[in-house]
>>> print(open('start-v9.cif').read())   # mmCIF, N, CA and C atoms
data_final
loop_
_atom_site.label_atom_id
_atom_site.label_comp_id
_atom_site.auth_asym_id
_atom_site.auth_seq_id
_atom_site.Cartn_x
_atom_site.Cartn_y
_atom_site.Cartn_z
N MET A 26 117.04 -53.81 188.57
CA MET A 26 117.10 -54.70 187.43
C MET A 26 118.56 -55.01 187.10
N ILE A 27 118.79 -56.28 186.81
CA ILE A 27 120.12 -56.73 186.40
C ILE A 27 119.93 -57.46 185.08
N GLN A 28 120.76 -57.16 184.09
CA GLN A 28 120.65 -57.83 182.79
C GLN A 28 121.95 -58.52 182.44
N LEU A 29 121.81 -59.72 181.93
CA LEU A 29 122.94 -60.50 181.41
C LEU A 29 122.42 -61.24 180.19
N ASN A 30 122.84 -60.79 179.01
CA ASN A 30 122.35 -61.35 177.75
C ASN A 30 120.84 -61.29 177.71
N LYS A 31 120.16 -62.42 177.52
CA LYS A 31 118.70 -62.44 177.43
C LYS A 31 118.01 -62.48 178.79
N LEU A 32 118.79 -62.58 179.85
CA LEU A 32 118.23 -62.65 181.19
C LEU A 32 118.10 -61.26 181.79
N ILE A 33 116.92 -60.96 182.31
CA ILE A 33 116.69 -59.71 183.03
C ILE A 33 116.07 -60.09 184.37
N LEU A 34 116.75 -59.74 185.44
CA LEU A 34 116.30 -60.08 186.78
C LEU A 34 115.74 -58.84 187.45
N ASP A 35 114.47 -58.90 187.80
CA ASP A 35 113.79 -57.83 188.54
C ASP A 35 113.87 -58.21 190.02
N ILE A 36 114.87 -57.67 190.72
CA ILE A 36 115.11 -58.10 192.11
C ILE A 36 114.06 -57.54 193.07
N ASP A 37 113.38 -56.48 192.69
CA ASP A 37 112.34 -55.92 193.57
C ASP A 37 111.07 -56.75 193.56
N ASN A 38 110.80 -57.41 192.44
CA ASN A 38 109.55 -58.18 192.29
C ASN A 38 109.77 -59.68 192.18
N TYR A 39 111.02 -60.14 192.33
CA TYR A 39 111.35 -61.56 192.29
C TYR A 39 110.88 -62.22 190.99
N VAL A 40 111.25 -61.58 189.88
CA VAL A 40 110.84 -62.07 188.56
C VAL A 40 112.07 -62.12 187.65
N LEU A 41 112.18 -63.21 186.90
CA LEU A 41 113.21 -63.34 185.89
C LEU A 41 112.54 -63.33 184.53
N HIS A 42 113.03 -62.45 183.65
CA HIS A 42 112.57 -62.41 182.26
C HIS A 42 113.65 -63.12 181.46
N ASN A 43 113.25 -64.17 180.76
CA ASN A 43 114.19 -64.98 180.00
C ASN A 43 113.68 -65.13 178.59
N ASP A 44 114.27 -64.38 177.68
CA ASP A 44 113.91 -64.47 176.27
C ASP A 44 112.40 -64.32 176.05
N GLY A 45 111.82 -63.31 176.69
CA GLY A 45 110.39 -63.03 176.52
C GLY A 45 109.47 -63.73 177.48
N GLN A 46 109.96 -64.69 178.23
CA GLN A 46 109.13 -65.39 179.22
C GLN A 46 109.41 -64.83 180.60
N GLN A 47 108.38 -64.85 181.43
CA GLN A 47 108.48 -64.32 182.79
C GLN A 47 108.35 -65.47 183.78
N HIS A 48 109.24 -65.50 184.78
CA HIS A 48 109.24 -66.56 185.78
C HIS A 48 109.26 -65.95 187.18
N GLY A 49 108.28 -66.32 187.99
CA GLY A 49 108.28 -65.90 189.38
C GLY A 49 109.32 -66.68 190.16
N LEU A 50 110.00 -66.02 191.09
CA LEU A 50 111.07 -66.63 191.85
C LEU A 50 110.81 -66.53 193.35
N THR A 51 111.39 -67.46 194.07
CA THR A 51 111.38 -67.34 195.52
C THR A 51 112.49 -66.34 195.88
N PRO A 52 112.48 -65.81 197.10
CA PRO A 52 113.56 -64.90 197.50
C PRO A 52 114.95 -65.53 197.38
N VAL A 53 115.09 -66.80 197.73
CA VAL A 53 116.39 -67.46 197.63
C VAL A 53 116.81 -67.61 196.17
N GLU A 54 115.90 -68.03 195.31
CA GLU A 54 116.21 -68.17 193.88
C GLU A 54 116.64 -66.82 193.30
N CYS A 55 115.94 -65.77 193.68
CA CYS A 55 116.26 -64.43 193.19
C CYS A 55 117.64 -64.00 193.66
N HIS A 56 117.94 -64.24 194.92
CA HIS A 56 119.24 -63.85 195.46
C HIS A 56 120.36 -64.66 194.80
N LEU A 57 120.14 -65.95 194.60
CA LEU A 57 121.14 -66.77 193.91
C LEU A 57 121.41 -66.25 192.49
N LEU A 58 120.35 -65.98 191.75
CA LEU A 58 120.53 -65.46 190.40
C LEU A 58 121.23 -64.11 190.42
N GLN A 59 120.92 -63.29 191.41
CA GLN A 59 121.58 -61.99 191.53
C GLN A 59 123.08 -62.18 191.71
N VAL A 60 123.47 -63.09 192.59
CA VAL A 60 124.89 -63.36 192.83
C VAL A 60 125.57 -63.83 191.54
N PHE A 61 124.94 -64.76 190.83
CA PHE A 61 125.54 -65.27 189.59
C PHE A 61 125.59 -64.20 188.50
N MET A 62 124.52 -63.43 188.35
CA MET A 62 124.47 -62.44 187.27
C MET A 62 125.42 -61.27 187.51
N LEU A 63 125.73 -60.99 188.77
CA LEU A 63 126.69 -59.93 189.08
C LEU A 63 128.14 -60.42 188.96
N ASN A 64 128.30 -61.73 188.79
CA ASN A 64 129.63 -62.34 188.67
C ASN A 64 129.70 -63.28 187.46
N PRO A 65 129.37 -62.79 186.26
CA PRO A 65 129.36 -63.68 185.10
C PRO A 65 130.74 -64.24 184.80
N ASP A 66 130.76 -65.49 184.39
CA ASP A 66 131.99 -66.18 183.99
C ASP A 66 132.97 -66.39 185.14
N ARG A 67 132.57 -66.12 186.34
CA ARG A 67 133.43 -66.32 187.50
C ARG A 67 132.98 -67.58 188.23
N VAL A 68 133.93 -68.43 188.56
CA VAL A 68 133.62 -69.62 189.35
C VAL A 68 133.41 -69.19 190.79
N LEU A 69 132.23 -69.47 191.30
CA LEU A 69 131.90 -69.16 192.69
C LEU A 69 131.91 -70.46 193.47
N THR A 70 132.64 -70.49 194.56
CA THR A 70 132.68 -71.71 195.36
C THR A 70 131.35 -71.87 196.08
N LYS A 71 131.07 -73.09 196.48
CA LYS A 71 129.84 -73.36 197.21
C LYS A 71 129.80 -72.55 198.50
N GLY A 72 130.94 -72.44 199.17
CA GLY A 72 131.02 -71.65 200.39
C GLY A 72 130.73 -70.19 200.16
N GLU A 73 131.28 -69.61 199.08
CA GLU A 73 131.03 -68.20 198.73
C GLU A 73 129.54 -67.96 198.48
N ILE A 74 128.96 -68.86 197.70
CA ILE A 74 127.54 -68.72 197.36
C ILE A 74 126.70 -68.78 198.62
N TYR A 75 126.97 -69.77 199.44
CA TYR A 75 126.18 -69.94 200.66
C TYR A 75 126.32 -68.73 201.58
N LYS A 76 127.53 -68.21 201.69
CA LYS A 76 127.76 -67.06 202.56
C LYS A 76 127.00 -65.83 202.06
N GLN A 77 126.98 -65.62 200.74
CA GLN A 77 126.30 -64.46 200.18
C GLN A 77 124.78 -64.57 200.24
N VAL A 78 124.26 -65.77 200.06
CA VAL A 78 122.81 -65.95 200.00
C VAL A 78 122.20 -66.21 201.38
N TRP A 79 122.83 -67.08 202.15
CA TRP A 79 122.28 -67.46 203.45
C TRP A 79 122.97 -66.76 204.62
N GLN A 80 123.98 -65.95 204.36
CA GLN A 80 124.72 -65.17 205.34
C GLN A 80 125.41 -65.97 206.44
N HIS A 81 125.83 -67.17 206.14
CA HIS A 81 126.71 -67.90 207.05
C HIS A 81 127.60 -68.83 206.25
N GLU A 82 128.69 -69.27 206.86
CA GLU A 82 129.71 -70.00 206.13
C GLU A 82 129.51 -71.51 206.08
N ASN A 83 128.75 -72.07 206.98
CA ASN A 83 128.53 -73.51 207.01
C ASN A 83 127.43 -73.86 206.02
N TYR A 84 127.84 -74.29 204.84
CA TYR A 84 126.84 -74.55 203.81
C TYR A 84 126.36 -75.99 203.83
N ASP A 85 125.16 -76.14 203.34
CA ASP A 85 124.53 -77.44 203.19
C ASP A 85 124.53 -77.74 201.69
N ALA A 86 125.38 -78.65 201.27
CA ALA A 86 125.55 -78.95 199.84
C ALA A 86 124.24 -79.43 199.21
N ASN A 87 123.46 -80.20 199.93
CA ASN A 87 122.19 -80.69 199.38
C ASN A 87 121.21 -79.54 199.16
N ASN A 88 121.12 -78.65 200.12
CA ASN A 88 120.23 -77.50 200.00
C ASN A 88 120.62 -76.66 198.79
N LEU A 89 121.90 -76.38 198.66
CA LEU A 89 122.39 -75.58 197.53
C LEU A 89 122.11 -76.28 196.20
N SER A 90 122.34 -77.59 196.13
CA SER A 90 122.13 -78.30 194.86
C SER A 90 120.66 -78.32 194.45
N VAL A 91 119.76 -78.34 195.42
CA VAL A 91 118.32 -78.29 195.10
C VAL A 91 117.99 -76.95 194.45
N PHE A 92 118.48 -75.85 195.02
CA PHE A 92 118.21 -74.54 194.45
C PHE A 92 118.88 -74.37 193.09
N ILE A 93 120.08 -74.89 192.91
CA ILE A 93 120.76 -74.83 191.62
C ILE A 93 119.93 -75.58 190.57
N SER A 94 119.43 -76.73 190.94
CA SER A 94 118.59 -77.52 190.02
C SER A 94 117.33 -76.74 189.62
N ARG A 95 116.71 -76.07 190.58
CA ARG A 95 115.51 -75.29 190.29
C ARG A 95 115.82 -74.13 189.35
N ILE A 96 116.96 -73.48 189.57
CA ILE A 96 117.35 -72.37 188.70
C ILE A 96 117.64 -72.87 187.29
N ARG A 97 118.30 -74.01 187.18
CA ARG A 97 118.57 -74.57 185.85
C ARG A 97 117.26 -74.84 185.10
N LYS A 98 116.28 -75.39 185.78
CA LYS A 98 114.98 -75.65 185.13
C LYS A 98 114.35 -74.36 184.63
N ILE A 99 114.47 -73.31 185.41
CA ILE A 99 113.92 -72.01 184.99
C ILE A 99 114.69 -71.51 183.76
N LEU A 100 116.01 -71.60 183.79
CA LEU A 100 116.82 -71.13 182.67
C LEU A 100 116.57 -71.93 181.40
N GLU A 101 116.23 -73.21 181.54
CA GLU A 101 116.00 -74.08 180.39
C GLU A 101 114.55 -74.05 179.90
N SER A 102 113.68 -73.35 180.60
CA SER A 102 112.25 -73.41 180.27
C SER A 102 111.86 -72.64 179.02
N SER A 103 112.68 -71.73 178.56
CA SER A 103 112.36 -71.02 177.32
C SER A 103 112.65 -71.93 176.14
N PRO A 104 111.80 -71.89 175.11
CA PRO A 104 112.00 -72.76 173.95
C PRO A 104 113.39 -72.59 173.34
N GLY A 105 114.07 -73.70 173.14
CA GLY A 105 115.36 -73.69 172.50
C GLY A 105 116.52 -73.23 173.37
N SER A 106 116.25 -72.94 174.62
CA SER A 106 117.35 -72.46 175.47
C SER A 106 117.92 -73.60 176.29
N GLN A 107 119.13 -73.39 176.75
CA GLN A 107 119.77 -74.36 177.62
C GLN A 107 120.34 -73.60 178.81
N SER A 108 120.58 -74.29 179.88
CA SER A 108 121.13 -73.65 181.06
C SER A 108 122.58 -73.29 180.82
N ASN A 109 122.92 -72.07 181.15
CA ASN A 109 124.32 -71.66 181.08
C ASN A 109 124.91 -71.56 182.48
N LEU A 110 124.31 -72.30 183.41
CA LEU A 110 124.81 -72.41 184.77
C LEU A 110 125.55 -73.74 184.87
N HIS A 111 126.87 -73.66 184.97
CA HIS A 111 127.72 -74.84 184.89
C HIS A 111 128.24 -75.26 186.26
N THR A 112 128.31 -76.56 186.46
CA THR A 112 128.92 -77.11 187.66
C THR A 112 130.42 -77.22 187.42
N ILE A 113 131.18 -76.72 188.36
CA ILE A 113 132.63 -76.88 188.33
C ILE A 113 132.93 -77.91 189.42
N ARG A 114 133.09 -79.13 188.99
CA ARG A 114 133.17 -80.28 189.89
C ARG A 114 134.17 -80.06 191.04
N GLY A 115 133.67 -80.26 192.25
CA GLY A 115 134.49 -80.16 193.44
C GLY A 115 134.75 -78.74 193.92
N ILE A 116 134.25 -77.75 193.16
CA ILE A 116 134.51 -76.36 193.53
C ILE A 116 133.22 -75.58 193.74
N GLY A 117 132.41 -75.47 192.69
CA GLY A 117 131.20 -74.65 192.78
C GLY A 117 130.49 -74.55 191.46
N TYR A 118 130.10 -73.32 191.09
CA TYR A 118 129.28 -73.10 189.90
C TYR A 118 129.72 -71.82 189.20
N ARG A 119 129.39 -71.75 187.89
CA ARG A 119 129.70 -70.57 187.08
C ARG A 119 128.53 -70.32 186.14
N LEU A 120 128.08 -69.08 186.08
CA LEU A 120 127.08 -68.68 185.10
C LEU A 120 127.81 -68.04 183.94
N SER A 121 127.66 -68.63 182.77
CA SER A 121 128.34 -68.13 181.59
C SER A 121 127.71 -66.83 181.13
N GLY A 122 128.52 -65.81 180.96
CA GLY A 122 128.02 -64.51 180.56
C GLY A 122 127.79 -64.37 179.06
N ASP A 123 128.29 -65.33 178.29
CA ASP A 123 128.12 -65.23 176.84
C ASP A 123 126.93 -66.04 176.33
N GLY A 124 126.11 -66.54 177.25
CA GLY A 124 124.92 -67.27 176.85
C GLY A 124 125.16 -68.73 176.51
N ARG A 125 126.40 -69.23 176.69
CA ARG A 125 126.70 -70.62 176.41
C ARG A 125 126.95 -71.39 177.70
#
>>> encode(input="start-v9.cif", output="structure tokens")
Amino acid sequence: MIQLNKLILDIDNYVLHNDGQQHGLTPVECHLLQVFMLNPDRVLTKGEIYKQVWQHENYDANNLSVFISRIRKILESSPGSQSNLHTIRGIGYRLSGDGR
């Protein structure tokens, strides 16, 4: 289990608990969230993310953006919540550790 603010990631069962709601995840979604939650407030480059999740350096920007979009929808699905997964244009992404 990894916790960051209201997010609790159960990596063994591929489940994210977000403010009382439970969301089933694919293995890739779970691994992506794990990488972000273990590195809060740190800008992760697209290459870094791809290397950690897919275990190779040649990343597919479209593939990564699809998974980022899916994770944002999950993070925004709780009533009144917004995604704290930010795009850092031209570099990568950052998950805000303070819930903003």
>>> atom_distance(input="start-v9.cif", atom1="atom CA of A:Leu32", atom2="atom CA of A:Met62")
8.7 Å
>>> resolve_selection(input="start-v9.cif", expression="the PyMOL selection byres ((chain A and resi 71) around 6.5)", output="PDB file with N, CA and C atoms, keeping the file's coordinate frame")
ATOM      1  N   LEU A  69     132.230 -69.470 191.300  1.00  0.00           N
ATOM      2  CA  LEU A  69     131.900 -69.160 192.690  1.00  0.00           C
ATOM      3  C   LEU A  69     131.910 -70.460 193.470  1.00  0.00           C
ATOM      4  N   THR A  70     132.640 -70.490 194.560  1.00  0.00           N
ATOM      5  CA  THR A  70     132.680 -71.710 195.360  1.00  0.00           C
ATOM      6  C   THR A  70     131.350 -71.870 196.080  1.00  0.00           C
ATOM      7  N   GLY A  72     130.940 -72.440 199.170  1.00  0.00           N
ATOM      8  CA  GLY A  72     131.020 -71.650 200.390  1.00  0.00           C
ATOM      9  C   GLY A  72     130.730 -70.190 200.160  1.00  0.00           C
ATOM     10  N   GLU A  73     131.280 -69.610 199.080  1.00  0.00           N
ATOM     11  CA  GLU A  73     131.030 -68.200 198.730  1.00  0.00           C
ATOM     12  C   GLU A  73     129.540 -67.960 198.480  1.00  0.00           C
ATOM     13  N   ILE A  74     128.960 -68.860 197.700  1.00  0.00           N
ATOM     14  CA  ILE A  74     127.540 -68.720 197.360  1.00  0.00           C
ATOM     15  C   ILE A  74     126.700 -68.780 198.620  1.00  0.00           C
ATOM     16  N   TYR A  75     126.970 -69.770 199.440  1.00  0.00           N
ATOM     17  CA  TYR A  75     126.180 -69.940 200.660  1.00  0.00           C
ATOM     18  C   TYR A  75     126.320 -68.730 201.580  1.00  0.00           C
ATOM     19  N   LYS A  76     127.530 -68.210 201.690  1.00  0.00           N
ATOM     20  CA  LYS A  76     127.760 -67.060 202.560  1.00  0.00           C
ATOM     21  C   LYS A  76     127.000 -65.830 202.060  1.00  0.00           C
ATOM     22  N   TYR A  84     127.840 -74.290 204.840  1.00  0.00           N
ATOM     23  CA  TYR A  84     126.840 -74.550 203.810  1.00  0.00           C
ATOM     24  C   TYR A  84     126.360 -75.990 203.830  1.00  0.00           C
ATOM     25  N   ILE A 116     134.250 -77.750 193.160  1.00  0.00           N
ATOM     26  CA  ILE A 116     134.510 -76.360 193.530  1.00  0.00           C
ATOM     27  C   ILE A 116     133.220 -75.580 193.740  1.00  0.00           C
ATOM     28  N   GLY A 117     132.410 -75.470 192.690  1.00  0.00           N
ATOM     29  CA  GLY A 117     131.200 -74.650 192.780  1.00  0.00           C
ATOM     30  C   GLY A 117     130.490 -74.550 191.460  1.00  0.00           C
ATOM     31  N   TYR A 118     130.100 -73.320 191.090  1.00  0.00           N
ATOM     32  CA  TYR A 118     129.280 -73.100 189.900  1.00  0.00           C
ATOM     33  C   TYR A 118     129.720 -71.820 189.200  1.00  0.00           C
TER      34      TYR A 118
END
>>> atom_distance(input="start-v9.cif", atom1="atom CA of A:His42", atom2="atom CA of A:Asn88")
24.5 Å
>>> select_by_dssp(input="start-v9.cif", residues="chain A", states="alpha helix (DSSP H)", output="ChimeraX atom specification")
/A:52-62,71-79,86-101
>>> atom_distance(input="start-v9.cif", atom1="atom CA of A:Asn83", atom2="atom CA of A:Val60")
17.8 Å
>>> build_atoms(input="start-v9.cif", residues="stretch 69-80 of chain A", atoms="all heavy atoms", output="mmCIF file, in the frame of the given file")
data_model
loop_
_atom_site.group_PDB
_atom_site.id
_atom_site.type_symbol
_atom_site.label_atom_id
_atom_site.label_comp_id
_atom_site.auth_asym_id
_atom_site.auth_seq_id
_atom_site.Cartn_x
_atom_site.Cartn_y
_atom_site.Cartn_z
ATOM 1 N N LEU A 69 132.230 -69.470 191.300
ATOM 2 C CA LEU A 69 131.900 -69.160 192.690
ATOM 3 C C LEU A 69 131.910 -70.460 193.470
ATOM 4 O O LEU A 69 131.245 -71.433 193.078
ATOM 5 C CB LEU A 69 130.524 -68.498 192.781
ATOM 6 C CG LEU A 69 130.387 -67.162 192.045
ATOM 7 C CD1 LEU A 69 128.935 -66.739 191.972
ATOM 8 C CD2 LEU A 69 131.222 -66.095 192.722
ATOM 9 N N THR A 70 132.640 -70.490 194.560
ATOM 10 C CA THR A 70 132.680 -71.710 195.360
ATOM 11 C C THR A 70 131.350 -71.870 196.080
ATOM 12 O O THR A 70 130.611 -70.901 196.295
ATOM 13 C CB THR A 70 133.807 -71.665 196.403
ATOM 14 O OG1 THR A 70 133.508 -70.662 197.379
ATOM 15 C CG2 THR A 70 135.161 -71.419 195.762
ATOM 16 N N LYS A 71 131.070 -73.090 196.480
ATOM 17 C CA LYS A 71 129.840 -73.360 197.210
ATOM 18 C C LYS A 71 129.800 -72.550 198.500
ATOM 19 O O LYS A 71 128.763 -72.019 198.884
ATOM 20 C CB LYS A 71 129.725 -74.856 197.502
ATOM 21 C CG LYS A 71 129.541 -75.672 196.244
ATOM 22 C CD LYS A 71 129.574 -77.160 196.532
ATOM 23 C CE LYS A 71 129.495 -77.954 195.255
ATOM 24 N NZ LYS A 71 129.565 -79.400 195.502
ATOM 25 N N GLY A 72 130.940 -72.440 199.170
ATOM 26 C CA GLY A 72 131.020 -71.650 200.390
ATOM 27 C C GLY A 72 130.730 -70.190 200.160
ATOM 28 O O GLY A 72 130.014 -69.553 200.941
ATOM 29 N N GLU A 73 131.280 -69.610 199.080
ATOM 30 C CA GLU A 73 131.030 -68.200 198.730
ATOM 31 C C GLU A 73 129.540 -67.960 198.480
ATOM 32 O O GLU A 73 128.978 -66.982 198.962
ATOM 33 C CB GLU A 73 131.760 -67.827 197.446
ATOM 34 C CG GLU A 73 133.190 -67.462 197.560
ATOM 35 C CD GLU A 73 133.745 -67.086 196.192
ATOM 36 O OE1 GLU A 73 133.944 -68.000 195.356
ATOM 37 O OE2 GLU A 73 133.971 -65.891 195.964
ATOM 38 N N ILE A 74 128.960 -68.860 197.700
ATOM 39 C CA ILE A 74 127.540 -68.720 197.360
ATOM 40 C C ILE A 74 126.700 -68.780 198.620
ATOM 41 O O ILE A 74 125.832 -67.931 198.847
ATOM 42 C CB ILE A 74 127.108 -69.815 196.364
ATOM 43 C CG1 ILE A 74 127.850 -69.658 195.042
ATOM 44 C CG2 ILE A 74 125.599 -69.780 196.148
ATOM 45 C CD1 ILE A 74 127.764 -70.873 194.136
ATOM 46 N N TYR A 75 126.970 -69.770 199.440
ATOM 47 C CA TYR A 75 126.180 -69.940 200.660
ATOM 48 C C TYR A 75 126.320 -68.730 201.580
ATOM 49 O O TYR A 75 125.338 -68.257 202.152
ATOM 50 C CB TYR A 75 126.595 -71.224 201.383
ATOM 51 C CG TYR A 75 125.414 -71.955 201.983
ATOM 52 C CD1 TYR A 75 124.584 -72.726 201.193
ATOM 53 C CD2 TYR A 75 125.121 -71.834 203.333
ATOM 54 C CE1 TYR A 75 123.499 -73.380 201.731
ATOM 55 C CE2 TYR A 75 124.037 -72.494 203.877
ATOM 56 C CZ TYR A 75 123.229 -73.259 203.064
ATOM 57 O OH TYR A 75 122.153 -73.888 203.601
ATOM 58 N N LYS A 76 127.530 -68.210 201.690
ATOM 59 C CA LYS A 76 127.760 -67.060 202.560
ATOM 60 C C LYS A 76 127.000 -65.830 202.060
ATOM 61 O O LYS A 76 126.421 -65.089 202.843
ATOM 62 C CB LYS A 76 129.253 -66.765 202.652
ATOM 63 C CG LYS A 76 129.593 -65.706 203.667
ATOM 64 C CD LYS A 76 131.095 -65.555 203.810
ATOM 65 C CE LYS A 76 131.432 -64.527 204.867
ATOM 66 N NZ LYS A 76 132.875 -64.358 205.015
ATOM 67 N N GLN A 77 126.980 -65.620 200.740
ATOM 68 C CA GLN A 77 126.300 -64.460 200.180
ATOM 69 C C GLN A 77 124.780 -64.570 200.240
ATOM 70 O O GLN A 77 124.093 -63.581 200.460
ATOM 71 C CB GLN A 77 126.732 -64.239 198.730
ATOM 72 C CG GLN A 77 128.153 -63.733 198.623
ATOM 73 C CD GLN A 77 128.510 -63.358 197.203
ATOM 74 O OE1 GLN A 77 127.755 -62.660 196.526
ATOM 75 N NE2 GLN A 77 129.656 -63.820 196.746
ATOM 76 N N VAL A 78 124.260 -65.770 200.060
ATOM 77 C CA VAL A 78 122.810 -65.950 200.000
ATOM 78 C C VAL A 78 122.200 -66.210 201.380
ATOM 79 O O VAL A 78 121.185 -65.633 201.742
ATOM 80 C CB VAL A 78 122.427 -67.060 199.001
ATOM 81 C CG1 VAL A 78 120.930 -67.324 199.015
ATOM 82 C CG2 VAL A 78 122.899 -66.696 197.604
ATOM 83 N N TRP A 79 122.830 -67.080 202.150
ATOM 84 C CA TRP A 79 122.280 -67.460 203.450
ATOM 85 C C TRP A 79 122.970 -66.760 204.620
ATOM 86 O O TRP A 79 122.624 -66.971 205.762
ATOM 87 C CB TRP A 79 122.337 -68.976 203.624
ATOM 88 C CG TRP A 79 121.286 -69.698 202.849
ATOM 89 C CD1 TRP A 79 120.015 -69.970 203.259
ATOM 90 C CD2 TRP A 79 121.396 -70.256 201.542
ATOM 91 N NE1 TRP A 79 119.340 -70.642 202.278
ATOM 92 C CE2 TRP A 79 120.173 -70.837 201.208
ATOM 93 C CE3 TRP A 79 122.438 -70.321 200.607
ATOM 94 C CZ2 TRP A 79 119.926 -71.477 200.006
ATOM 95 C CZ3 TRP A 79 122.199 -70.947 199.388
ATOM 96 C CH2 TRP A 79 120.963 -71.517 199.106
ATOM 97 N N GLN A 80 123.980 -65.950 204.360
ATOM 98 C CA GLN A 80 124.720 -65.170 205.340
ATOM 99 C C GLN A 80 125.410 -65.970 206.440
ATOM 100 O O GLN A 80 125.534 -65.512 207.571
ATOM 101 C CB GLN A 80 123.824 -64.098 206.002
ATOM 102 C CG GLN A 80 123.593 -62.876 205.148
ATOM 103 C CD GLN A 80 122.519 -63.078 204.120
ATOM 104 O OE1 GLN A 80 121.469 -63.605 204.430
ATOM 105 N NE2 GLN A 80 122.771 -62.685 202.895
#
